[in-house]
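Have a look at final11.cif below; it lists mmCIF, C-alpha atoms.
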```
data_target
#
loop_
_atom_site.group_PDB
_atom_site.id
_atom_site.type_symbol
_atom_site.label_atom_id
_atom_site.label_comp_id
_atom_site.auth_asym_id
_atom_site.auth_seq_id
_atom_site.Cartn_x
_atom_site.Cartn_y
_atom_site.Cartn_z
ATOM 1 C CA MET A 1 -49.342 -97.324 -111.203
ATOM 2 C CA LYS A 2 -49.474 -96.034 -114.780
ATOM 3 C CA SER A 3 -45.683 -95.557 -114.770
ATOM 4 C CA LYS A 4 -44.816 -99.220 -114.348
ATOM 5 C CA PRO A 5 -45.431 -102.227 -116.612
ATOM 6 C CA LEU A 6 -48.656 -104.125 -116.070
ATOM 7 C CA LYS A 7 -46.739 -107.281 -115.129
ATOM 8 C CA ASN A 8 -45.355 -105.399 -112.110
ATOM 9 C CA TRP A 9 -48.744 -104.395 -110.715
ATOM 10 C CA THR A 10 -49.795 -106.060 -107.480
ATOM 11 C CA PRO A 11 -53.000 -108.158 -107.479
ATOM 12 C CA ASP A 12 -54.769 -105.453 -105.467
ATOM 13 C CA GLU A 13 -53.694 -102.759 -107.943
ATOM 14 C CA ARG A 14 -54.947 -104.879 -110.817
ATOM 15 C CA ILE A 15 -58.318 -105.578 -109.229
ATOM 16 C CA SER A 16 -58.820 -101.940 -108.243
ATOM 17 C CA ALA A 17 -57.915 -100.757 -111.748
ATOM 18 C CA VAL A 18 -60.243 -103.260 -113.432
ATOM 19 C CA LYS A 19 -63.196 -102.239 -111.275
ATOM 20 C CA GLY A 20 -62.551 -98.564 -111.878
ATOM 21 C CA ILE A 21 -62.016 -98.929 -115.608
ATOM 22 C CA PHE A 22 -65.036 -101.065 -116.367
ATOM 23 C CA ASN A 23 -67.370 -98.997 -114.198
ATOM 24 C CA THR A 24 -66.222 -95.938 -116.165
ATOM 25 C CA ILE A 25 -66.525 -97.309 -119.702
ATOM 26 C CA THR A 26 -69.775 -99.268 -119.254
ATOM 27 C CA PRO A 27 -71.984 -96.961 -121.397
ATOM 28 C CA HIS A 28 -69.654 -97.253 -124.405
ATOM 29 C CA TYR A 29 -68.331 -100.775 -123.864
ATOM 30 C CA ASP A 30 -70.526 -102.671 -126.338
ATOM 31 C CA LEU A 31 -70.168 -100.066 -129.080
ATOM 32 C CA LEU A 32 -66.385 -100.021 -128.780
ATOM 33 C CA ASN A 33 -66.218 -103.814 -128.805
ATOM 34 C CA ARG A 34 -68.093 -103.866 -132.102
ATOM 35 C CA ILE A 35 -66.017 -101.086 -133.656
ATOM 36 C CA MET A 36 -62.610 -102.322 -132.572
ATOM 37 C CA SER A 37 -63.219 -105.968 -133.483
ATOM 38 C CA GLY A 38 -65.130 -105.250 -136.704
ATOM 39 C CA ARG A 39 -68.067 -107.066 -135.026
ATOM 40 C CA ARG A 40 -66.016 -110.251 -134.829
ATOM 41 C CA ASP A 41 -66.631 -110.306 -131.076
ATOM 42 C CA VAL A 42 -70.253 -111.234 -131.832
ATOM 43 C CA ALA A 43 -69.151 -114.214 -133.943
ATOM 44 C CA TRP A 44 -66.603 -115.297 -131.326
ATOM 45 C CA ARG A 45 -69.249 -115.415 -128.606
ATOM 46 C CA LYS A 46 -71.678 -117.318 -130.824
ATOM 47 C CA PHE A 47 -68.937 -119.858 -131.564
ATOM 48 C CA ALA A 48 -68.336 -120.266 -127.833
ATOM 49 C CA ALA A 49 -72.056 -120.879 -127.268
ATOM 50 C CA ARG A 50 -72.088 -123.518 -130.005
ATOM 51 C CA ARG A 51 -69.160 -125.336 -128.354
ATOM 52 C CA LEU A 52 -71.306 -126.075 -125.309
ATOM 53 C CA PRO A 53 -72.813 -129.582 -125.114
ATOM 54 C CA SER A 54 -76.312 -129.821 -126.543
ATOM 55 C CA ASP A 55 -77.784 -131.052 -123.251
ATOM 56 C CA VAL A 56 -76.670 -128.182 -120.992
ATOM 57 C CA ASN A 57 -79.386 -126.793 -118.740
ATOM 58 C CA ASN A 58 -77.540 -124.678 -116.185
ATOM 59 C CA ILE A 59 -74.603 -122.524 -117.306
ATOM 60 C CA LEU A 60 -72.408 -120.048 -115.437
ATOM 61 C CA ASP A 61 -70.895 -117.151 -117.404
ATOM 62 C CA LEU A 62 -68.057 -115.560 -115.444
ATOM 63 C CA ALA A 63 -66.844 -111.982 -115.956
ATOM 64 C CA THR A 64 -70.153 -111.613 -117.761
ATOM 65 C CA GLY A 65 -69.793 -107.833 -118.137
ATOM 66 C CA THR A 66 -72.715 -106.462 -120.127
ATOM 67 C CA GLY A 67 -74.062 -109.966 -120.649
ATOM 68 C CA ASP A 68 -73.297 -110.562 -124.331
ATOM 69 C CA LEU A 69 -72.121 -114.151 -123.916
ATOM 70 C CA ALA A 70 -74.849 -114.981 -121.391
ATOM 71 C CA ILE A 71 -77.423 -113.728 -123.903
ATOM 72 C CA ALA A 72 -75.820 -115.662 -126.774
ATOM 73 C CA ILE A 73 -75.951 -118.850 -124.686
ATOM 74 C CA ALA A 74 -79.587 -118.314 -123.707
ATOM 75 C CA GLU A 75 -80.490 -117.777 -127.361
ATOM 76 C CA GLN A 76 -78.563 -120.894 -128.413
ATOM 77 C CA PHE A 77 -80.243 -123.038 -125.730
ATOM 78 C CA PRO A 78 -83.883 -121.923 -125.348
ATOM 79 C CA ARG A 79 -84.528 -124.167 -122.318
ATOM 80 C CA ALA A 80 -81.353 -123.411 -120.392
ATOM 81 C CA GLN A 81 -80.878 -121.233 -117.325
ATOM 82 C CA VAL A 82 -77.850 -118.929 -117.353
ATOM 83 C CA THR A 83 -76.184 -117.225 -114.405
ATOM 84 C CA GLY A 84 -73.967 -114.251 -115.216
ATOM 85 C CA ALA A 85 -71.395 -113.354 -112.549
ATOM 86 C CA ASP A 86 -69.143 -110.299 -112.296
ATOM 87 C CA PHE A 87 -67.741 -107.928 -109.704
ATOM 88 C CA VAL A 88 -68.479 -104.772 -111.715
ATOM 89 C CA GLU A 89 -71.993 -103.861 -110.637
ATOM 90 C CA LYS A 90 -72.542 -101.130 -113.224
ATOM 91 C CA MET A 91 -71.894 -103.540 -116.097
ATOM 92 C CA MET A 92 -74.294 -106.101 -114.668
ATOM 93 C CA ARG A 93 -77.021 -103.480 -114.364
ATOM 94 C CA LEU A 94 -76.640 -102.810 -118.099
ATOM 95 C CA ALA A 95 -76.647 -106.582 -118.690
ATOM 96 C CA GLU A 96 -79.979 -106.838 -116.845
ATOM 97 C CA THR A 97 -81.467 -104.075 -118.998
ATOM 98 C CA LYS A 98 -80.329 -105.811 -122.201
ATOM 99 C CA THR A 99 -81.626 -109.170 -120.968
ATOM 100 C CA GLN A 100 -85.062 -107.765 -120.169
ATOM 101 C CA ALA A 101 -85.223 -106.036 -123.565
ATOM 102 C CA LYS A 102 -84.652 -109.387 -125.274
ATOM 103 C CA GLY A 103 -87.326 -111.124 -123.189
ATOM 104 C CA LEU A 104 -84.760 -113.319 -121.439
ATOM 105 C CA GLY A 105 -85.194 -112.024 -117.894
ATOM 106 C CA ALA A 106 -86.752 -115.280 -116.688
ATOM 107 C CA ARG A 107 -83.797 -117.354 -117.889
ATOM 108 C CA ILE A 108 -80.772 -115.177 -117.080
ATOM 109 C CA GLU A 109 -79.889 -113.926 -113.611
ATOM 110 C CA PHE A 110 -76.889 -111.863 -112.547
ATOM 111 C CA VAL A 111 -74.866 -112.323 -109.374
ATOM 112 C CA ALA A 112 -72.000 -110.297 -107.904
ATOM 113 C CA ALA A 113 -69.041 -112.646 -107.508
ATOM 114 C CA ASP A 114 -65.262 -112.936 -107.339
ATOM 115 C CA ALA A 115 -64.035 -115.482 -109.901
ATOM 116 C CA THR A 116 -61.440 -116.868 -107.460
ATOM 117 C CA SER A 117 -63.980 -117.429 -104.667
ATOM 118 C CA LEU A 118 -67.338 -118.219 -106.218
ATOM 119 C CA PRO A 119 -70.523 -118.202 -104.101
ATOM 120 C CA PHE A 120 -71.753 -121.470 -105.621
ATOM 121 C CA GLY A 121 -71.742 -125.073 -104.505
ATOM 122 C CA ASP A 122 -69.602 -127.863 -105.884
ATOM 123 C CA SER A 123 -70.811 -129.365 -109.187
ATOM 124 C CA GLU A 124 -73.629 -126.819 -109.460
ATOM 125 C CA PHE A 125 -73.399 -126.089 -113.206
ATOM 126 C CA ASP A 126 -73.356 -128.113 -116.422
ATOM 127 C CA ALA A 127 -70.810 -125.730 -117.955
ATOM 128 C CA VAL A 128 -68.860 -122.553 -117.235
ATOM 129 C CA THR A 129 -67.773 -119.865 -119.702
ATOM 130 C CA ILE A 130 -65.637 -116.746 -119.484
ATOM 131 C CA ALA A 131 -65.021 -114.355 -122.386
ATOM 132 C CA PHE A 132 -62.183 -111.817 -122.366
ATOM 133 C CA GLY A 133 -62.088 -111.773 -118.578
ATOM 134 C CA LEU A 134 -59.486 -114.312 -117.503
ATOM 135 C CA ARG A 135 -56.659 -111.927 -118.388
ATOM 136 C CA ASN A 136 -58.025 -109.424 -115.842
ATOM 137 C CA ILE A 137 -57.807 -111.937 -112.983
ATOM 138 C CA PRO A 138 -54.430 -111.875 -111.192
ATOM 139 C CA ASP A 139 -54.603 -115.530 -110.070
ATOM 140 C CA ARG A 140 -55.728 -117.287 -113.249
ATOM 141 C CA LEU A 141 -55.012 -120.775 -111.947
ATOM 142 C CA ALA A 142 -57.221 -120.173 -108.911
ATOM 143 C CA ALA A 143 -60.005 -118.962 -111.210
ATOM 144 C CA LEU A 144 -59.762 -122.053 -113.425
ATOM 145 C CA ARG A 145 -59.805 -124.307 -110.366
ATOM 146 C CA GLU A 146 -62.925 -122.544 -109.100
ATOM 147 C CA MET A 147 -64.569 -123.086 -112.490
ATOM 148 C CA LYS A 148 -63.668 -126.753 -112.258
ATOM 149 C CA ARG A 149 -65.077 -126.947 -108.732
ATOM 150 C CA VAL A 150 -68.497 -125.539 -109.603
ATOM 151 C CA VAL A 151 -68.970 -127.534 -112.816
ATOM 152 C CA LYS A 152 -70.320 -131.089 -112.727
ATOM 153 C CA PRO A 153 -68.019 -134.023 -113.487
ATOM 154 C CA GLY A 154 -67.923 -134.282 -117.255
ATOM 155 C CA GLY A 155 -68.921 -130.632 -117.575
ATOM 156 C CA LYS A 156 -67.154 -128.263 -119.942
ATOM 157 C CA VAL A 157 -65.292 -125.044 -119.162
ATOM 158 C CA ILE A 158 -64.719 -122.583 -122.026
ATOM 159 C CA THR A 159 -62.561 -119.456 -122.218
ATOM 160 C CA LEU A 160 -62.267 -116.837 -124.963
ATOM 161 C CA GLU A 161 -59.205 -114.587 -125.012
ATOM 162 C CA MET A 162 -57.490 -112.340 -127.525
ATOM 163 C CA THR A 163 -53.887 -113.142 -128.382
ATOM 164 C CA PHE A 164 -51.214 -112.486 -130.973
ATOM 165 C CA PRO A 165 -51.412 -114.277 -134.342
ATOM 166 C CA ARG A 166 -48.565 -116.650 -135.192
ATOM 167 C CA ASN A 167 -48.118 -114.970 -138.594
ATOM 168 C CA LEU A 168 -45.386 -112.350 -138.120
ATOM 169 C CA ARG A 169 -46.959 -109.687 -140.369
ATOM 170 C CA LEU A 170 -50.342 -110.031 -138.688
ATOM 171 C CA ARG A 171 -48.639 -110.023 -135.302
ATOM 172 C CA ASN A 172 -46.819 -106.779 -136.059
ATOM 173 C CA PHE A 173 -49.980 -105.148 -137.416
ATOM 174 C CA PHE A 174 -51.992 -106.257 -134.376
ATOM 175 C CA ARG A 175 -49.362 -104.873 -132.009
ATOM 176 C CA TRP A 176 -49.470 -101.517 -133.851
ATOM 177 C CA TYR A 177 -53.284 -101.550 -133.791
ATOM 178 C CA LEU A 178 -53.396 -102.313 -130.061
ATOM 179 C CA ASN A 179 -50.865 -99.705 -129.048
ATOM 180 C CA HIS A 180 -51.906 -96.861 -131.353
ATOM 181 C CA MET A 181 -55.447 -97.153 -132.704
ATOM 182 C CA ILE A 182 -57.284 -98.612 -129.697
ATOM 183 C CA PRO A 183 -56.177 -95.897 -127.241
ATOM 184 C CA ILE A 184 -57.112 -93.172 -129.739
ATOM 185 C CA VAL A 185 -60.514 -94.561 -130.774
ATOM 186 C CA GLY A 186 -61.377 -95.839 -127.315
ATOM 187 C CA GLY A 187 -60.347 -92.588 -125.690
ATOM 188 C CA MET A 188 -62.334 -90.458 -128.133
ATOM 189 C CA ILE A 189 -65.571 -92.427 -127.734
ATOM 190 C CA SER A 190 -65.393 -93.333 -124.041
ATOM 191 C CA GLY A 191 -63.590 -90.230 -122.808
ATOM 192 C CA ASN A 192 -61.161 -92.501 -120.956
ATOM 193 C CA ARG A 193 -57.931 -93.019 -122.874
ATOM 194 C CA GLU A 194 -56.294 -94.615 -119.831
ATOM 195 C CA ALA A 195 -58.855 -97.432 -119.909
ATOM 196 C CA TYR A 196 -58.099 -98.136 -123.547
ATOM 197 C CA THR A 197 -54.401 -98.150 -122.775
ATOM 198 C CA TYR A 198 -54.886 -100.737 -120.039
ATOM 199 C CA LEU A 199 -56.938 -103.036 -122.276
ATOM 200 C CA PRO A 200 -54.237 -103.438 -124.979
ATOM 201 C CA ASP A 201 -51.644 -103.885 -122.230
ATOM 202 C CA SER A 202 -53.743 -106.647 -120.666
ATOM 203 C CA ILE A 203 -53.812 -108.526 -123.987
ATOM 204 C CA GLN A 204 -50.065 -108.185 -124.481
ATOM 205 C CA ASP A 205 -49.397 -109.252 -120.882
ATOM 206 C CA PHE A 206 -51.554 -112.393 -121.155
ATOM 207 C CA LEU A 207 -50.499 -115.986 -121.691
ATOM 208 C CA THR A 208 -49.873 -117.479 -125.114
ATOM 209 C CA PRO A 209 -52.446 -120.043 -126.301
ATOM 210 C CA ASP A 210 -50.025 -122.865 -125.465
ATOM 211 C CA GLN A 211 -49.403 -121.460 -121.988
ATOM 212 C CA LEU A 212 -53.126 -121.183 -121.335
ATOM 213 C CA GLY A 213 -53.553 -124.788 -122.489
ATOM 214 C CA ASP A 214 -50.884 -125.794 -119.979
ATOM 215 C CA LEU A 215 -52.764 -123.888 -117.268
ATOM 216 C CA PHE A 216 -55.932 -125.834 -118.088
ATOM 217 C CA ASP A 217 -53.899 -129.006 -117.639
ATOM 218 C CA LEU A 218 -52.459 -127.794 -114.332
ATOM 219 C CA ALA A 219 -55.974 -126.988 -113.110
ATOM 220 C CA GLY A 220 -56.917 -130.620 -113.705
ATOM 221 C CA PHE A 221 -58.969 -130.473 -116.904
ATOM 222 C CA LYS A 222 -59.018 -133.286 -119.458
ATOM 223 C CA ALA A 223 -59.744 -133.388 -123.198
ATOM 224 C CA ILE A 224 -58.310 -129.890 -123.584
ATOM 225 C CA ASN A 225 -58.832 -128.272 -126.985
ATOM 226 C CA LYS A 226 -57.977 -124.872 -128.412
ATOM 227 C CA PHE A 227 -59.389 -123.188 -131.494
ATOM 228 C CA PRO A 228 -57.868 -120.158 -133.261
ATOM 229 C CA LEU A 229 -60.478 -117.649 -134.427
ATOM 230 C CA THR A 230 -60.031 -114.880 -137.036
ATOM 231 C CA PHE A 231 -56.443 -115.754 -137.985
ATOM 232 C CA GLY A 232 -55.562 -116.425 -134.358
ATOM 233 C CA LEU A 233 -56.526 -112.981 -133.012
ATOM 234 C CA THR A 234 -58.707 -114.810 -130.504
ATOM 235 C CA TYR A 235 -58.494 -118.323 -129.085
ATOM 236 C CA LEU A 236 -61.160 -120.499 -127.564
ATOM 237 C CA HIS A 237 -59.897 -123.004 -124.990
ATOM 238 C CA GLU A 238 -62.051 -125.727 -123.547
ATOM 239 C CA GLY A 239 -61.572 -128.528 -121.065
ATOM 240 C CA ILE A 240 -63.622 -131.222 -119.361
ATOM 241 C CA ALA A 241 -63.842 -131.514 -115.576
ATOM 242 C CA GLU A 242 -63.568 -134.923 -113.959
#
```
Rendering of file as C-alpha cells:
Amino acid sequence: MKSKPLKNWTPDERISAVKGIFNTITPHYDLLNRIMSGRRDVAWRKFAARRLPSDVNNILDLATGTGDLAIAIAEQFPRAQVTGADFVEKMMRLAETKTQAKGLGARIEFVAADATSLPFGDSEFDAVTIAFGLRNIPDRLAALREMKRVVKPGGKVITLEMTFPRNLRLRNFFRWYLNHMIPIVGGMISGNREAYTYLPDSIQDFLTPDQLGDLFDLAGFKAINKFPLTFGLTYLHEGIAE
C-alpha cells in the first residue's frame, strides 16, 4: 500500500489506513497540529464556529477527532448542544477527557459513526461541521449528501480543509514543507513517520477549492461560499441545505 500513490488506494485501504494512523498518533495529535500550523489551526476552527448562524442549538461535528472544533463551537454558543462523531474511538476518548476538563461534558456528546452512513434522522441538526476530515473519506459526495440529509432545511454545512495557495512561491514552499518537514517533525514526536507521510499526501491528493465548491453544488447545497484562510493554506466552504 505504501508503494503506490494515494489516489490508487481502494476505499477499504484508505479507511483501514486512516483508522490505524489516527489511533496510533492520538496522544501527540493536538501538539503536532499546533506545531505544524503555527497554532493557526486554533484560529481556523474559531473562524468556522463564528460562521455558524447565531441561532443554532443543535450542531453535529463530523470527523471530530480530539474534539477541538466541537469544543470551539460549544464555547462560541453557550446554550447549544454539540454532537461529535468519528470512527476512531481512541480519539473520541481523548475528546471526552478534554470536554470534561473544560466543564462542557453536559453539552457535548460523542458518537461512533461513519460519515457516509450517519446514525441520525433526517433534519436532526441545525448545522453540520467537519474540519480536516473530508479528505480522509473516499466517497466525499456521499458524505456531503449525508450532511445535507441530517441538517434542517435552511441549515448550514461547513467544511475546513487545507489546500495549496494560489501564489506560486507560497505553493512551492508549502509543497516542500509538506513533503520534507512534516514527515520529519511528525515522525520524531509521534514515533510514526508513516502517519506523517500519509497526512501530507492526503492534502496533496485532495480537491482544489473550486472543485470542492462544485461538489457542494452537486450535493444540492445553495448559497455556497468559500473563504481562504492564512494566504489560502486552508479554505472554509459553506452551503445551505434546502
Can you turn the PyMOL selection byres ((chain A and resi 233) around 12) into a concrete residue list for this file, as a ChimeraX atom specification?
/A:37,40-41,44,160-167,170-175,177-178,203-204,208-209,227-232,234-236
Explicit residue set for the PyMOL selection byres ((chain A and resi 213-219) around 7), as a ChimeraX atom specification:
/A:141,144-145,209-212,220-222,239
Per residue of range 116-230 of chain A within 12 Å of range 75-89 of chain A, record the nearest atom pair and its distance in Å to one decimal, counting only C-alpha atoms, with rows in chain order and ascending residue number, as a tab-separated table.
```
residue	atom	partner	partner_atom	distance
A:Thr116	CA	A:Phe87	CA	11.2
A:Ser117	CA	A:Phe87	CA	11.4
A:Leu118	CA	A:Ala85	CA	9.0
A:Pro119	CA	A:Ala85	CA	9.8
A:Phe120	CA	A:Ala85	CA	10.7
A:Glu124	CA	A:Thr83	CA	11.1
A:Phe125	CA	A:Thr83	CA	9.4
A:Asp126	CA	A:Ala80	CA	10.1
A:Ala127	CA	A:Val82	CA	9.8
A:Val128	CA	A:Thr83	CA	9.5
A:Thr129	CA	A:Gly84	CA	9.5
A:Ile130	CA	A:Ala85	CA	9.6
A:Ala131	CA	A:Gly84	CA	11.5
A:Gly133	CA	A:Asp86	CA	9.6
A:Leu134	CA	A:Asp86	CA	11.7
A:Asn136	CA	A:Phe87	CA	11.6
A:Ile137	CA	A:Phe87	CA	11.2
A:Met147	CA	A:Ala85	CA	11.9
```
CA of Ile21 in chain A to CA of Phe132 in chain A, distance in Å rounded to a single decimal:
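Computed distance, CA of Ile21 in chain A to CA of Phe132 in chain A, equals 14.6 Å.
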As JSON, what would the box around range 38-51 of chain A look like: edges along x, y and z, 5 Å added on every side, centre and edge lengths in Å to one decimal?
```
{"center_x": -68.6, "center_y": -115.3, "center_z": -132.0, "size_x": 17.0, "size_y": 30.1, "size_z": 19.4}
```
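Comparing A:Pro53, A:Pro138, A:Gly191, A:Pro153 by their smallest distance to Ser123 in chain A, the closest is A:Pro153 (using all atoms listed in the file).
Among A:Asp68, A:Glu96, A:Asp139, A:Glu13, the residue with the shortest atom-to-atom distance to Tyr29 in chain A, counting all atoms listed in the file, is A:Asp68.
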Using all atoms listed in the file, can you tell me which of A:Ala101, A:Val157, A:Val18, A:Leu52 comes closest to Leu6 in chain A?
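Smallest separation from Leu6 in chain A among the options: A:Val18.
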Counting all atoms listed in the file, figure out which residue out of A:Ala115, A:Leu94, A:Ile25, A:Ala241 gets nearest to Leu62 in chain A.
A:Ala115
Could you tell me how far CA of Arg51 in chain A lies from CA of Ile71 in chain A, in Å and to one decimal?
14.9 Å
Nearest-residue call for Lys226 in chain A, choices A:Pro200, A:Ala48, A:Thr97, A:Pro11, using all atoms listed in the file
A:Ala48
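You will find CA of Ala142 in chain A at 17.9 Å from CA of Thr64 in chain A.
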I need the residue nearest Asn57 in chain A from this list: A:Arg135, A:Arg140, A:Lys152, A:Arg93. Use all atoms listed in the file for the distance.
A:Lys152
Could you list the residues chosen by the PyMOL selection byres ((chain A and resi 30) around 12) in this structure as a PDB file with C-alpha atoms, keeping the file's coordinate frame?
```pdb
ATOM      1  CA  PHE A  22     -65.036-101.065-116.367  1.00  0.00           C
ATOM      2  CA  ILE A  25     -66.525 -97.309-119.702  1.00  0.00           C
ATOM      3  CA  THR A  26     -69.775 -99.268-119.254  1.00  0.00           C
ATOM      4  CA  PRO A  27     -71.984 -96.961-121.397  1.00  0.00           C
ATOM      5  CA  HIS A  28     -69.654 -97.253-124.405  1.00  0.00           C
ATOM      6  CA  TYR A  29     -68.331-100.775-123.864  1.00  0.00           C
ATOM      7  CA  LEU A  31     -70.168-100.066-129.080  1.00  0.00           C
ATOM      8  CA  LEU A  32     -66.385-100.021-128.780  1.00  0.00           C
ATOM      9  CA  ASN A  33     -66.218-103.814-128.805  1.00  0.00           C
ATOM     10  CA  ARG A  34     -68.093-103.866-132.102  1.00  0.00           C
ATOM     11  CA  ILE A  35     -66.017-101.086-133.656  1.00  0.00           C
ATOM     12  CA  MET A  36     -62.610-102.322-132.572  1.00  0.00           C
ATOM     13  CA  SER A  37     -63.219-105.968-133.483  1.00  0.00           C
ATOM     14  CA  GLY A  38     -65.130-105.250-136.704  1.00  0.00           C
ATOM     15  CA  ARG A  39     -68.067-107.066-135.026  1.00  0.00           C
ATOM     16  CA  ASP A  41     -66.631-110.306-131.076  1.00  0.00           C
ATOM     17  CA  VAL A  42     -70.253-111.234-131.832  1.00  0.00           C
ATOM     18  CA  GLY A  65     -69.793-107.833-118.137  1.00  0.00           C
ATOM     19  CA  THR A  66     -72.715-106.462-120.127  1.00  0.00           C
ATOM     20  CA  GLY A  67     -74.062-109.966-120.649  1.00  0.00           C
ATOM     21  CA  ASP A  68     -73.297-110.562-124.331  1.00  0.00           C
ATOM     22  CA  LEU A  69     -72.121-114.151-123.916  1.00  0.00           C
ATOM     23  CA  MET A  91     -71.894-103.540-116.097  1.00  0.00           C
ATOM     24  CA  LEU A  94     -76.640-102.810-118.099  1.00  0.00           C
ATOM     25  CA  ALA A  95     -76.647-106.582-118.690  1.00  0.00           C
ATOM     26  CA  LYS A  98     -80.329-105.811-122.201  1.00  0.00           C
ATOM     27  CA  GLY A 186     -61.377 -95.839-127.315  1.00  0.00           C
ATOM     28  CA  ILE A 189     -65.571 -92.427-127.734  1.00  0.00           C
ATOM     29  CA  SER A 190     -65.393 -93.333-124.041  1.00  0.00           C
TER      30      SER A 190
END
```
